[in-house]
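**Q** Below is data.csv; it holds CSV, C-alpha atoms.
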chain,number,residue,atom,x,y,z
O,1,MET,CA,26.5,-10.3,-32.2
O,2,MET,CA,29.1,-8.6,-30.1
O,3,SER,CA,26.8,-5.8,-29.0
O,4,ALA,CA,24.1,-8.4,-28.1
O,5,ILE,CA,26.5,-10.1,-25.8
O,6,THR,CA,27.6,-6.8,-24.3
O,7,SER,CA,24.0,-5.7,-23.7
O,8,GLN,CA,23.2,-9.0,-22.1
O,9,HIS,CA,26.2,-8.6,-19.8
O,10,ASP,CA,25.1,-5.1,-18.9
O,11,HIS,CA,21.6,-6.3,-18.1
O,12,HIS,CA,23.1,-9.0,-15.9
O,13,VAL,CA,25.3,-6.5,-14.0
O,14,GLU,CA,22.3,-4.2,-13.5
O,15,GLU,CA,20.2,-7.0,-12.1
O,16,LEU,CA,23.0,-7.9,-9.7
O,17,GLU,CA,23.3,-4.3,-8.5
O,18,SER,CA,19.6,-4.0,-8.1
O,19,LEU,CA,19.7,-7.2,-5.9
O,20,LYS,CA,22.4,-5.4,-3.8
O,21,VAL,CA,20.0,-2.5,-3.2
O,22,THR,CA,17.3,-5.0,-2.1
O,23,GLY,CA,20.0,-6.5,0.2
O,24,PHE,CA,20.6,-3.1,1.7
O,25,TRP,CA,16.9,-2.7,2.5
O,26,ILE,CA,17.2,-5.9,4.5
O,27,PHE,CA,20.2,-4.3,6.4
O,28,LEU,CA,18.0,-1.2,7.1
O,29,VAL,CA,15.3,-3.5,8.6
O,30,THR,CA,17.9,-5.1,10.9
O,31,ASP,CA,19.1,-1.6,11.8
O,32,CYS,CA,15.5,-0.7,12.6
O,33,LEU,CA,15.5,-3.6,15.1
O,34,ILE,CA,18.6,-2.2,16.8
O,35,PHE,CA,16.9,1.2,17.3
O,36,GLY,CA,13.7,-0.6,18.2
O,37,THR,CA,15.4,-2.3,21.2
O,38,LEU,CA,17.1,0.9,22.2
O,39,PHE,CA,13.8,2.7,22.1
O,40,ALA,CA,12.2,-0.1,24.2
O,41,THR,CA,15.0,0.2,26.7
O,42,TYR,CA,14.6,4.0,26.8
O,43,ALA,CA,10.8,3.8,27.2
O,44,VAL,CA,11.2,1.4,30.2
O,45,LEU,CA,13.9,3.4,31.9
O,46,VAL,CA,12.8,7.0,31.2
O,47,ASN,CA,11.5,7.5,34.8
O,48,HIS,CA,14.4,5.8,36.5
O,49,ILE,CA,16.3,9.0,37.1
O,50,ALA,CA,17.9,8.0,40.4
O,51,ASN,CA,19.4,11.1,42.0
O,52,GLY,CA,20.1,12.7,38.6
O,53,PRO,CA,18.1,15.2,36.5
O,54,SER,CA,15.0,14.4,34.5
O,55,GLY,CA,14.7,15.0,30.8
O,56,LYS,CA,12.7,18.1,31.5
O,57,GLU,CA,15.6,19.6,33.4
O,58,ILE,CA,18.3,19.0,30.9
O,59,PHE,CA,16.7,19.0,27.4
O,60,GLU,CA,17.0,22.2,25.4
O,61,LEU,CA,14.4,22.2,22.7
O,62,SER,CA,16.0,25.1,20.7
O,63,GLY,CA,19.2,23.2,19.9
O,64,VAL,CA,17.4,20.0,19.2
O,65,THR,CA,14.9,21.8,16.9
O,66,TRP,CA,17.9,23.2,14.9
O,67,GLU,CA,19.3,19.6,14.7
O,68,THR,CA,16.0,18.4,13.4
O,69,PHE,CA,15.7,20.9,10.6
O,70,ILE,CA,19.4,20.5,9.7
O,71,LEU,CA,19.0,16.7,9.3
O,72,LEU,CA,15.7,17.1,7.5
O,73,THR,CA,17.3,19.5,5.0
O,74,SER,CA,20.3,17.2,4.5
O,75,SER,CA,17.9,14.4,3.7
O,76,PHE,CA,16.4,16.6,1.1
O,77,THR,CA,19.8,17.6,-0.4
O,78,SER,CA,20.9,13.9,-0.5
O,79,GLY,CA,17.7,13.4,-2.5
O,80,LEU,CA,18.8,16.2,-4.9
O,81,ALA,CA,22.1,14.3,-5.3
O,82,MET,CA,20.0,11.2,-6.4
O,83,LEU,CA,18.2,13.4,-8.9
O,84,ALA,CA,21.5,14.6,-10.3
O,85,MET,CA,22.6,11.0,-10.5
O,86,HIS,CA,19.6,10.1,-12.7
O,87,LYS,CA,20.5,13.0,-14.9
O,88,GLY,CA,24.1,11.8,-15.1
O,89,ASN,CA,25.5,15.1,-13.9
O,90,LYS,CA,28.6,14.2,-11.9
O,91,LYS,CA,29.5,17.7,-10.8
O,92,GLN,CA,26.0,18.3,-9.4
O,93,ILE,CA,26.0,15.0,-7.5
O,94,ILE,CA,29.3,15.9,-5.8
O,95,ASN,CA,28.1,19.4,-5.0
O,96,TRP,CA,24.9,18.2,-3.4
O,97,LEU,CA,26.8,15.5,-1.5
O,98,ILE,CA,29.2,18.1,-0.1
O,99,VAL,CA,26.2,20.2,1.0
O,100,THR,CA,24.7,17.1,2.6
O,101,ILE,CA,28.1,16.3,4.4
O,102,LEU,CA,28.3,19.9,5.7
O,103,LEU,CA,24.8,19.7,7.1
O,104,GLY,CA,25.5,16.3,8.6
O,105,MET,CA,28.6,17.7,10.2
O,106,SER,CA,26.7,20.6,11.7
O,107,PHE,CA,24.2,18.1,13.1
O,108,VAL,CA,26.9,16.0,14.7
O,109,GLY,CA,28.6,19.2,16.0
O,110,LEU,CA,25.4,20.4,17.7
O,111,GLU,CA,24.8,17.0,19.2
O,112,VAL,CA,28.4,16.8,20.6
O,113,ARG,CA,27.9,20.3,22.1
O,114,GLU,CA,24.6,19.2,23.6
O,115,PHE,CA,26.2,16.1,25.1
O,116,ALA,CA,29.2,18.1,26.4
O,117,GLN,CA,26.9,20.6,28.1
O,118,MET,CA,25.0,17.8,29.8
O,119,VAL,CA,28.1,16.2,31.1
O,120,ASP,CA,29.3,19.6,32.4
O,121,GLU,CA,26.1,19.9,34.3
O,122,GLY,CA,26.8,16.5,35.9
O,123,ALA,CA,24.4,14.5,33.7
O,124,THR,CA,26.8,11.7,32.6
O,125,ILE,CA,26.0,8.3,31.1
O,126,SER,CA,26.5,6.7,34.5
O,127,THR,CA,24.4,9.1,36.5
O,128,SER,CA,21.1,7.2,36.1
O,129,ALA,CA,19.4,4.5,34.1
O,130,PHE,CA,17.5,7.1,32.2
O,131,LEU,CA,20.7,8.9,31.1
O,132,THR,CA,22.4,5.6,30.2
O,133,ALA,CA,19.4,4.7,27.9
O,134,PHE,CA,19.4,8.3,26.6
O,135,PHE,CA,23.1,8.5,25.7
O,136,THR,CA,23.0,5.0,24.2
O,137,LEU,CA,20.0,5.7,22.0
O,138,VAL,CA,20.9,9.2,20.8
O,139,GLY,CA,24.6,8.4,20.6
O,140,THR,CA,24.0,5.3,18.4
O,141,HIS,CA,22.1,7.5,16.0
O,142,GLY,CA,24.9,10.1,16.1
O,143,LEU,CA,27.5,7.4,15.3
O,144,HIS,CA,25.3,6.3,12.3
O,145,VAL,CA,25.3,9.9,11.0
O,146,SER,CA,29.1,10.2,11.5
O,147,LEU,CA,29.6,6.9,9.6
O,148,GLY,CA,27.4,8.2,6.8
O,149,ILE,CA,29.5,11.3,6.5
O,150,LEU,CA,32.7,9.3,6.2
O,151,TRP,CA,30.9,7.0,3.7
O,152,MET,CA,29.9,10.0,1.5
O,153,ILE,CA,33.4,11.4,1.5
O,154,GLY,CA,34.7,8.0,0.3
O,155,LEU,CA,32.0,7.9,-2.4
O,156,ILE,CA,33.0,11.4,-3.6
O,157,ILE,CA,36.6,10.1,-4.0
O,158,GLN,CA,35.3,7.1,-5.9
O,159,LEU,CA,33.3,9.3,-8.2
O,160,PHE,CA,36.4,11.3,-9.0
O,161,GLN,CA,38.4,8.1,-9.6
O,162,ARG,CA,35.9,5.9,-11.4
O,163,GLY,CA,33.2,8.3,-12.7
O,164,LEU,CA,29.5,7.4,-12.9
O,165,ASN,CA,28.9,3.8,-13.7
O,166,VAL,CA,26.5,1.0,-12.7
O,167,LYS,CA,28.4,0.4,-9.5
O,168,THR,CA,28.9,3.9,-8.3
O,169,LYS,CA,25.3,4.6,-9.1
O,170,ARG,CA,24.2,1.7,-6.9
O,171,LYS,CA,26.5,2.9,-4.2
O,172,LEU,CA,24.9,6.4,-4.4
O,173,THR,CA,21.4,4.8,-4.3
O,174,VAL,CA,22.4,2.9,-1.2
O,175,ILE,CA,23.9,5.9,0.7
O,176,GLY,CA,20.8,7.9,-0.2
O,177,LEU,CA,18.5,5.2,1.4
O,178,TYR,CA,20.8,5.1,4.4
O,179,TRP,CA,20.7,8.9,4.9
O,180,HIS,CA,16.8,9.0,4.6
O,181,PHE,CA,16.6,6.2,7.0
O,182,LEU,CA,18.7,8.1,9.6
O,183,ASP,CA,16.3,11.1,9.3
O,184,VAL,CA,13.3,8.8,9.9
O,185,VAL,CA,15.0,7.4,13.1
O,186,TRP,CA,15.7,11.0,14.2
O,187,ILE,CA,11.9,11.9,13.8
O,188,PHE,CA,11.2,9.3,16.4
O,189,ILE,CA,14.1,10.4,18.7
O,190,PHE,CA,12.8,14.0,18.4
O,191,THR,CA,9.3,13.0,19.2
O,192,ILE,CA,9.7,10.3,21.9
O,193,VAL,CA,12.9,11.5,23.6
O,194,TYR,CA,12.8,15.3,23.3
O,195,LEU,CA,9.2,16.4,22.8
O,196,MET,CA,7.8,13.9,25.3
O,197,GLY,CA,10.8,14.6,27.6
O,198,VAL,CA,9.9,18.3,28.0
O,199,MET,CA,6.2,17.7,28.3
N,1,MET,CA,17.1,0.3,-9.6
N,2,GLU,CA,14.8,2.5,-11.7
N,3,ASN,CA,13.1,4.2,-8.8
N,4,HIS,CA,13.8,7.7,-9.9
N,5,GLY,CA,11.6,10.1,-8.1
N,6,SER,CA,11.3,13.7,-9.3
N,7,LEU,CA,12.1,17.2,-8.0
N,8,LYS,CA,8.4,17.5,-7.3
N,9,SER,CA,8.3,14.4,-5.1
N,10,TYR,CA,11.4,15.6,-3.1
N,11,VAL,CA,10.0,19.1,-2.6
N,12,THR,CA,6.6,17.7,-1.6
N,13,GLY,CA,8.2,15.4,0.9
N,14,PHE,CA,10.4,18.2,2.3
N,15,VAL,CA,7.5,20.7,2.7
N,16,LEU,CA,5.2,18.1,4.3
N,17,SER,CA,8.0,17.0,6.7
N,18,ILE,CA,8.6,20.6,7.8
N,19,ILE,CA,4.9,21.1,8.5
N,20,LEU,CA,4.7,17.8,10.4
N,21,THR,CA,7.7,18.9,12.5
N,22,ILE,CA,6.5,22.4,13.3
N,23,ILE,CA,2.9,21.3,14.3
N,24,PRO,CA,4.0,18.9,17.1
N,25,LEU,CA,6.7,21.5,18.2
N,26,LEU,CA,4.0,24.2,18.6
N,27,LEU,CA,1.6,21.8,20.3
N,28,VAL,CA,4.2,20.8,22.9
N,29,THR,CA,5.6,24.3,23.6
N,30,ASN,CA,2.0,25.8,23.9
N,31,HIS,CA,0.7,23.0,26.0
N,32,ALA,CA,-2.3,23.0,23.8
N,33,LEU,CA,-3.7,19.6,24.7
N,34,SER,CA,-4.0,17.3,27.7
N,35,LYS,CA,-0.9,15.1,28.1
N,36,GLY,CA,-2.6,11.9,26.8
N,37,MET,CA,-4.0,13.7,23.8
N,38,LEU,CA,-0.7,15.4,23.1
N,39,ILE,CA,1.2,12.1,23.1
N,40,VAL,CA,-1.3,10.6,20.6
N,41,ALA,CA,-1.2,13.7,18.4
N,42,ILE,CA,2.6,13.9,18.2
N,43,MET,CA,3.1,10.2,17.7
N,44,THR,CA,0.5,10.2,14.9
N,45,MET,CA,2.4,13.0,13.2
N,46,ALA,CA,5.8,11.2,13.6
N,47,VAL,CA,4.3,8.1,11.9
N,48,LEU,CA,2.8,10.3,9.2
N,49,GLN,CA,6.2,11.8,8.5
N,50,PHE,CA,7.7,8.3,8.4
N,51,VAL,CA,5.3,7.3,5.7
N,52,ILE,CA,5.8,10.5,3.8
N,53,GLN,CA,9.6,10.0,3.7
N,54,LEU,CA,9.2,6.4,2.7
N,55,VAL,CA,7.0,7.5,-0.2
N,56,PHE,CA,8.5,10.8,-1.3
N,57,PHE,CA,12.2,10.3,-0.4
N,58,MET,CA,12.8,6.5,-0.5
N,59,HIS,CA,10.2,5.9,-3.3
N,60,ILE,CA,9.0,2.7,-1.8
N,61,ARG,CA,6.0,2.6,-4.1
N,62,GLU,CA,8.2,2.6,-7.2
N,63,SER,CA,10.4,-0.3,-6.1
N,64,GLU,CA,10.6,-3.3,-8.4
N,65,LYS,CA,8.3,-6.3,-8.0
N,66,PRO,CA,8.3,-8.5,-6.1
N,67,ARG,CA,8.7,-5.9,-3.4
N,68,TYR,CA,10.9,-7.8,-1.0
N,69,ASN,CA,11.9,-4.5,0.7
N,70,VAL,CA,8.2,-3.8,1.6
N,71,PHE,CA,7.8,-7.3,2.9
N,72,ALA,CA,11.0,-7.1,5.0
N,73,LEU,CA,10.0,-3.6,6.3
N,74,THR,CA,6.6,-4.7,7.3
N,75,LEU,CA,8.0,-7.7,9.2
N,76,GLY,CA,10.6,-5.3,10.8
N,77,ILE,CA,7.8,-2.9,12.0
N,78,VAL,CA,5.9,-5.8,13.5
N,79,PHE,CA,9.0,-6.9,15.4
N,80,VAL,CA,9.8,-3.3,16.6
N,81,ILE,CA,6.2,-2.8,17.8
N,82,THR,CA,6.3,-6.1,19.6
N,83,ILE,CA,9.6,-5.4,21.3
N,84,VAL,CA,8.7,-1.8,22.3
N,85,VAL,CA,5.1,-2.3,23.4
N,86,GLY,CA,5.8,-5.7,24.9
N,87,SER,CA,8.7,-4.3,27.0
N,88,MET,CA,6.7,-1.4,28.2
N,89,TRP,CA,3.7,-3.7,29.1
N,90,ILE,CA,5.7,-6.3,30.9
N,91,MET,CA,7.7,-3.7,32.9
N,92,THR,CA,4.4,-2.3,34.3
N,93,PHE,CA,4.4,-5.5,36.4
N,94,ASN,CA,7.7,-4.5,37.9
N,95,SER,CA,6.2,-3.2,41.1
N,96,VAL,CA,4.1,-6.4,41.5
N,97,VAL,CA,7.2,-8.6,41.2
N,98,GLN,CA,9.4,-6.7,43.7
Please, can you express the file's structure as structure tokens?

**A**
Amino acid sequence: MMSAITSQHDHHVEELESLKVTGFWIFLVTDCLIFGTLFATYAVLVNHIANGPSGKEIFELSGVTWETFILLTSSFTSGLAMLAMHKGNKKQIINWLIVTILLGMSFVGLEVREFAQMVDEGATISTSAFLTAFFTLVGTHGLHVSLGILWMIGLIIQLFQRGLNVKTKRKLTVIGLYWHFLDVVWIFIFTIVYLMGVM
Amino acid sequence: MENHGSLKSYVTGFVLSIILTIIPLLLVTNHALSKGMLIVAIMTMAVLQFVIQLVFFMHIRESEKPRYNVFALTLGIVFVITIVVGSMWIMTFNSVVQ
């Protein structure tokens, strides 16, 4: 009797956590809309370079290519953390999360360096409509990645404190989805902003 | 929440994503196609990579039914395309208005 009640309760908790994952999907869709409007703004303003430089003059494909592969690899390693979660291996989860965090930090570091170089060359956010749209779009993505890094650090702390349970598993699932989503957004930034920019 | 995925699915997604990043990069740096064709080609590969990551990384096919996430995502994509294409289209009238 007792165990029947417990298992029913567990089932209820799991259903609730599953609903929260679905809720997070809805958030990702709204985040898609934010990036959609920023992409639209960028596409409209890309040729309005005023007296400033064009994308062709300031984009350096080599650094951006590194960023792309680093973020893609981090998306893969966050997936490996999810696999470790399904195996119930806490140590492995934390290790893969740390690898993901380090890759995410290198990504943000490279992006900050790229932005700093541009500003040094006189291409600031207020130079032209094109650069305003560029820094807003790419910067918003960079902020998302930075937030994800802090989030993962917090989750590692929670894993140490509370261990693997239904709730921390759901939280891991959600950060995994968030991280993959950021990589998807970056594919379009890489293609639309950088590849089309240097064409 | 039982959308597991396997090592195989992650590796497949990773390898395909790398290929779909390298091809557009080479096409652009080698100026292999005319500009119009190039844009179509690299956008196609970006969308393909998006689908690959949805399937192999985010396991969208394994989500529980009813698939509210798929419905929401489809609606979101419709909105994004409307906003982006609509904005670009209407701004082509910019010179007429001025």

**Q** Give me, as a VMD selection string, the residues of chain N touching chain O, with the criterion being at most 8 Å (counting all atoms listed in the file).

**A** chain N and resid 1 4 to 7 10 to 11 14 17 to 18 25 28 31 35 39 42 to 43 46 49 to 50 53 57 to 58 68 to 69 72 to 73 76 79 to 81 83 to 85 87 to 88 91

**Q** Could you check how far atom CA of O:Phe59 sits from atom CA of O:Phe130, in Å to one decimal?

**A** 12.9 Å

**Q** Could you check the closest approach to O:Gly154 for each of O:Val108, O:Leu137, O:Ile175, O:Ile125 and tell me which residue wins, using only C-alpha atoms?

**A**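 Using only C-alpha atoms, O:Gly154 sits closest to O:Ile175.
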
**Q** Enter the distance from atom CA of N:Gly36 to atom CA of O:Val138, in Å, rounded to one decimal.

**A** 24.4 Å

**Q** Take atom CA of O:Gln161 and atom CA of O:Leu102 and report the distance between them in Å, one decimal.

**A**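 Calculated distance between atom CA of O:Gln161 and atom CA of O:Leu102 is 21.8 Å.
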
**Q** Near N:Met45, within 9 Å and counting all atoms listed in the file, which residues show up once chain neighbours fewer than 4 positions away are dropped, as a list in words?

**A**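 Residues near the query, excluding close chain neighbours: Leu20, Thr21, Ile23, Pro24, Val40, Ala41, Gln49 and Phe50 of chain N.
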
**Q** Using all atoms listed in the file, which residues sit within 7 Å of O:Ser74 once same-chain residues fewer than 4 positions away are excluded, as an mmCIF file with C-alpha atoms, in the frame of the given file?

**A**
data_model
loop_
_atom_site.group_PDB
_atom_site.id
_atom_site.type_symbol
_atom_site.label_atom_id
_atom_site.label_comp_id
_atom_site.auth_asym_id
_atom_site.auth_seq_id
_atom_site.Cartn_x
_atom_site.Cartn_y
_atom_site.Cartn_z
ATOM 1 C CA ILE O 70 19.400 20.500 9.700
ATOM 2 C CA SER O 78 20.900 13.900 -0.500
ATOM 3 C CA THR O 100 24.700 17.100 2.600
ATOM 4 C CA LEU O 103 24.800 19.700 7.100
ATOM 5 C CA GLY O 104 25.500 16.300 8.600
#

**Q** Find the residues near stretch 91-93 of chain O: any atom within 6 Å, counting all atoms listed in the file, skip ones fewer than 3 places away on the same chain, and give them as a VMD selection string.

**A** chain O and resid 81 84 96

**Q** Nearest residue to O:Val112 out of O:Leu131, O:Ile149, O:Leu155, O:Gly63, using all atoms listed in the file?

**A** O:Gly63
